[in-house]
Amino acid sequence: MGSLNVYSLLVNDRIIKENNCETKSGLPCVLQVFTSIFETGTISSKCCSKLVVLGKVCHSALVKRILENPLFKDLSVATIIAKSIQTWNNCLALIDSPSPSP
């Protein structure tokens, strides 16, 4: 079982590295996404745009990496995944919705 976790970790790190997931988004947006998933916060439309450009693969891989961190071992994985999906879907809806006319 332990070797499976190591394999999963290596695959996840490879996904992050190959897709440049950590360098595509600026720190302010990373913090907004983090607080919307792990705490209670909102994401600006600018950061939603960056998240959508980053892509679902990167978004999921980065959330998974955070969940693998021992600092977050007491969190409910199911709740975090649900909030991650909700954040993604909210950003998609925000980006896809037409902008109000002036």
# chains A, B, ... in the order shown; residues from 1 in each chain; ligands from 1

call {"tool": "select_by_dssp", "arguments": {"residues": "chain A", "states": "helix (DSSP H, G or I)", "output": "ChimeraX atom specification"}}
result
/A:2-18,27-38,45-54,56-68,70-72,77-96

call {"tool": "residues_around", "arguments": {"residues": "A:Ile80", "least_positions_apart": "4", "cutoff": "7 Å", "atoms": "only C-alpha atoms", "output": "PyMOL selection string"}}
result
chain A and resi 37-38+76+84

call {"tool": "write_last_selection", "arguments": {"atoms": "all heavy atoms", "output": "mmCIF file, in the first residue's frame"}}
result
data_model
loop_
_atom_site.group_PDB
_atom_site.id
_atom_site.type_symbol
_atom_site.label_atom_id
_atom_site.label_comp_id
_atom_site.auth_asym_id
_atom_site.auth_seq_id
_atom_site.Cartn_x
_atom_site.Cartn_y
_atom_site.Cartn_z
ATOM 1 N N ILE A 37 -10.975 27.041 -1.290
ATOM 2 C CA ILE A 37 -11.111 25.597 -1.121
ATOM 3 C C ILE A 37 -10.908 25.180 0.332
ATOM 4 O O ILE A 37 -11.690 24.412 0.885
ATOM 5 C CB ILE A 37 -10.108 24.846 -2.027
ATOM 6 C CG1 ILE A 37 -10.439 25.110 -3.490
ATOM 7 C CG2 ILE A 37 -10.108 23.348 -1.737
ATOM 8 C CD1 ILE A 37 -9.384 24.613 -4.466
ATOM 9 N N PHE A 38 -9.863 25.688 0.955
ATOM 10 C CA PHE A 38 -9.488 25.212 2.281
ATOM 11 C C PHE A 38 -10.029 26.067 3.420
ATOM 12 O O PHE A 38 -9.975 25.664 4.573
ATOM 13 C CB PHE A 38 -7.960 25.094 2.387
ATOM 14 C CG PHE A 38 -7.407 24.002 1.523
ATOM 15 C CD1 PHE A 38 -7.036 24.250 0.212
ATOM 16 C CD2 PHE A 38 -7.291 22.712 2.005
ATOM 17 C CE1 PHE A 38 -6.545 23.236 -0.594
ATOM 18 C CE2 PHE A 38 -6.799 21.689 1.211
ATOM 19 C CZ PHE A 38 -6.429 21.955 -0.091
ATOM 20 N N SER A 76 -11.022 16.790 5.927
ATOM 21 C CA SER A 76 -11.861 15.818 5.233
ATOM 22 C C SER A 76 -11.547 15.881 3.737
ATOM 23 O O SER A 76 -11.822 16.888 3.083
ATOM 24 C CB SER A 76 -13.332 16.131 5.468
ATOM 25 O OG SER A 76 -14.126 15.449 4.538
ATOM 26 N N SER A 84 -13.145 21.865 -4.114
ATOM 27 C CA SER A 84 -12.274 22.066 -5.266
ATOM 28 C C SER A 84 -13.092 22.032 -6.553
ATOM 29 O O SER A 84 -12.935 22.888 -7.437
ATOM 30 C CB SER A 84 -11.197 20.972 -5.291
ATOM 31 O OG SER A 84 -10.511 20.974 -6.508
#

call {"tool": "residues_around", "arguments": {"residues": "A:Asn19", "least_positions_apart": "4", "cutoff": "12 Å", "atoms": "only C-alpha atoms", "output": "list of chain:residue names"}}
result
A:Asn12, A:Asp13, A:Arg14, A:Ile15, A:Thr23, A:Lys24, A:Ser25, A:Val53, A:Leu54, A:Gly55, A:Lys56, A:Val57, A:Cys58, A:His59, A:Ala61, A:Leu62

call {"tool": "write_last_selection", "arguments": {"atoms": "N, CA and C atoms", "output": "compact mmCIF listing (two decimals), in the first residue's frame"}}
result
# COMPACT_ATOMS: atom_id res chain seq x y z
N ASN A 12 1.78 12.46 -9.64
CA ASN A 12 1.22 13.78 -9.42
C ASN A 12 2.28 14.86 -9.61
N ASP A 13 3.48 14.65 -9.05
CA ASP A 13 4.55 15.62 -9.21
C ASP A 13 4.96 15.76 -10.67
N ARG A 14 4.94 14.64 -11.41
CA ARG A 14 5.28 14.68 -12.83
C ARG A 14 4.25 15.49 -13.61
N ILE A 15 2.98 15.31 -13.28
CA ILE A 15 1.90 16.08 -13.93
C ILE A 15 2.12 17.57 -13.69
N THR A 23 4.02 27.47 -12.16
CA THR A 23 4.51 28.76 -12.67
C THR A 23 3.47 29.52 -13.48
N LYS A 24 2.36 28.89 -13.81
CA LYS A 24 1.35 29.54 -14.66
C LYS A 24 0.48 30.54 -13.93
N SER A 25 0.40 30.42 -12.61
CA SER A 25 -0.50 31.28 -11.85
C SER A 25 0.32 32.08 -10.83
N VAL A 53 -7.42 28.86 -17.45
CA VAL A 53 -6.30 28.72 -18.39
C VAL A 53 -5.31 27.67 -17.86
N LEU A 54 -5.11 27.66 -16.57
CA LEU A 54 -4.22 26.68 -15.94
C LEU A 54 -4.69 25.27 -16.28
N GLY A 55 -5.99 25.06 -16.23
CA GLY A 55 -6.57 23.78 -16.62
C GLY A 55 -6.94 22.90 -15.44
N LYS A 56 -7.91 22.04 -15.69
CA LYS A 56 -8.41 21.17 -14.64
C LYS A 56 -7.36 20.17 -14.17
N VAL A 57 -6.50 19.69 -15.07
CA VAL A 57 -5.47 18.73 -14.69
C VAL A 57 -4.53 19.36 -13.66
N CYS A 58 -4.09 20.58 -13.93
CA CYS A 58 -3.20 21.27 -12.98
C CYS A 58 -3.94 21.57 -11.67
N HIS A 59 -5.15 22.06 -11.79
CA HIS A 59 -5.94 22.39 -10.59
C HIS A 59 -6.06 21.16 -9.69
N ALA A 61 -4.24 18.40 -9.69
CA ALA A 61 -2.92 17.94 -9.23
C ALA A 61 -2.41 18.79 -8.06
N LEU A 62 -2.62 20.09 -8.14
CA LEU A 62 -2.16 20.97 -7.06
C LEU A 62 -2.97 20.76 -5.79

call {"tool": "closest_residue", "arguments": {"among": "A:Glu22, A:Ser49, A:Thr79, A:Gly41", "to": "A:Asp96", "atoms": "only C-alpha atoms"}}
result
A:Ser49

call {"tool": "closest_residue", "arguments": {"among": "A:Leu27, A:Ile81, A:Ser36, A:Glu68", "to": "A:Lys50", "atoms": "only C-alpha atoms"}}
result
A:Leu27

call {"tool": "closest_residue", "arguments": {"among": "A:Lys73, A:Leu31, A:Ile43, A:Lys17", "to": "A:Trp88", "atoms": "only C-alpha atoms"}}
result
A:Ile43

call {"tool": "atom_distance", "arguments": {"atom1": "atom CA of A:Pro70", "atom2": "atom CA of A:Thr40"}}
result
20.9 Å

call {"tool": "atom_distance", "arguments": {"atom1": "atom CA of A:Thr42", "atom2": "atom CA of A:Thr87"}}
result
8.9 Å

call {"tool": "closest_residue", "arguments": {"among": "A:Ser45, A:Cys21, A:Asp74, A:Val33", "to": "A:Ser97", "atoms": "only C-alpha atoms"}}
result
A:Ser45

call {"tool": "atom_distance", "arguments": {"atom1": "atom CA of A:Asn69", "atom2": "atom CA of A:Gln32"}}
result
18.9 Å
